[in-house]
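> Below you'll find the structure I mean.
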Amino acid sequence: GEDVEQSLFLSVREGDSSVINCTYTDSSSTYLYWYKQEPGAGLQLLTYIFSNMDMKQDQRLTVLLNKKDKHLSLRIADTQTGDSAIYFCAEKYGGYNKLIFGAGTRLAVHP
Amino acid sequence: EPEVTQTPSHQVTQMGQEVILRCVPISNHLYFYWYRQILGQKVEFLVSFYNNEISEKSEIFDDQFSVERPDGSNFTLKIRSTKLEDSAMYFCASRLPGDSNQPQHFGDGTRLSIL
């Protein structure tokens, strides 16, 4: 069945780049999404990429997609303390846009 | 920016009681979803809803669960007889009509605690 896997924890120094990785299994996925969850808050859509693209950049965020390896990454440039959160990778599955989520990567940014 | 709103933010209920979780989707959105996240586990799809009927549901969404759009703005999730294992964060989401790849926008969730 469909599955999305992420590493659970990432610690970076403020000002460095963060790279959060994700792998998925559904080869028919057309869109892949990144959501951010701050403590006590909901899921905030950060960005998404269509599967015929290799890369998408949006300000400090860069999404890279390797469709052959079913590997997705989110790079955050110049990571700030406000970026500390849980980041979820999700793939669209099925005709009604059901999302399959990874377990989330907790990003900790330290001085 | 328009957002999905959910109430209450935290609901505490005795086991066996009925609970209704409420959501107000973004006003021009026509597809609605419920997800849940048990503490320490993945966010799981429960149900999708369009044109006043369920379009898809997961194995979790059994006869104890129901959804309703009672008026033009609210979207509710009802659990008839709650169990301890229903304790979780419940997220409502909505998206625009048309292209099925339109992103879903989520509310802040309702934390449901069953005692």
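Identifiers for the structure tokens are assigned positionally: chains receive A, B, ... in sequence, residues are indexed from 1 per chain, and ligands are indexed from 1 in the order shown.
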For chain B against chain A, which residues fall within 8 Å using only C-alpha atoms, given as number ranges by chain?
B: 41-45, 48, 55-56, 91, 100-101, 103-109
> Identify, on the basis of only C-alpha atoms, every residue whose closest approach to stretch 79-85 of chain B does not exceed 10 Å; exclude the query and any residue fewer than 4 positions from it along the same chain; express the result as a PyMOL selection string.
chain B and resi 13-21+38+61-67+113-115
> From chain B, collect each residue whose DSSP state is strand (DSSP E or B) and return the set as a VMD selection string.
chain B and resid 5 to 7 10 to 13 19 to 24 31 to 37 43 to 50 53 to 57 65 to 68 75 to 79 88 to 95 105 to 106 110 to 114
> Could you check the closest approach to A:Asp3 for each of A:His71, A:Asp26, A:Thr79, A:Ser18 and tell me which residue wins, using only C-alpha atoms?
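Closest candidate: A:Asp26.
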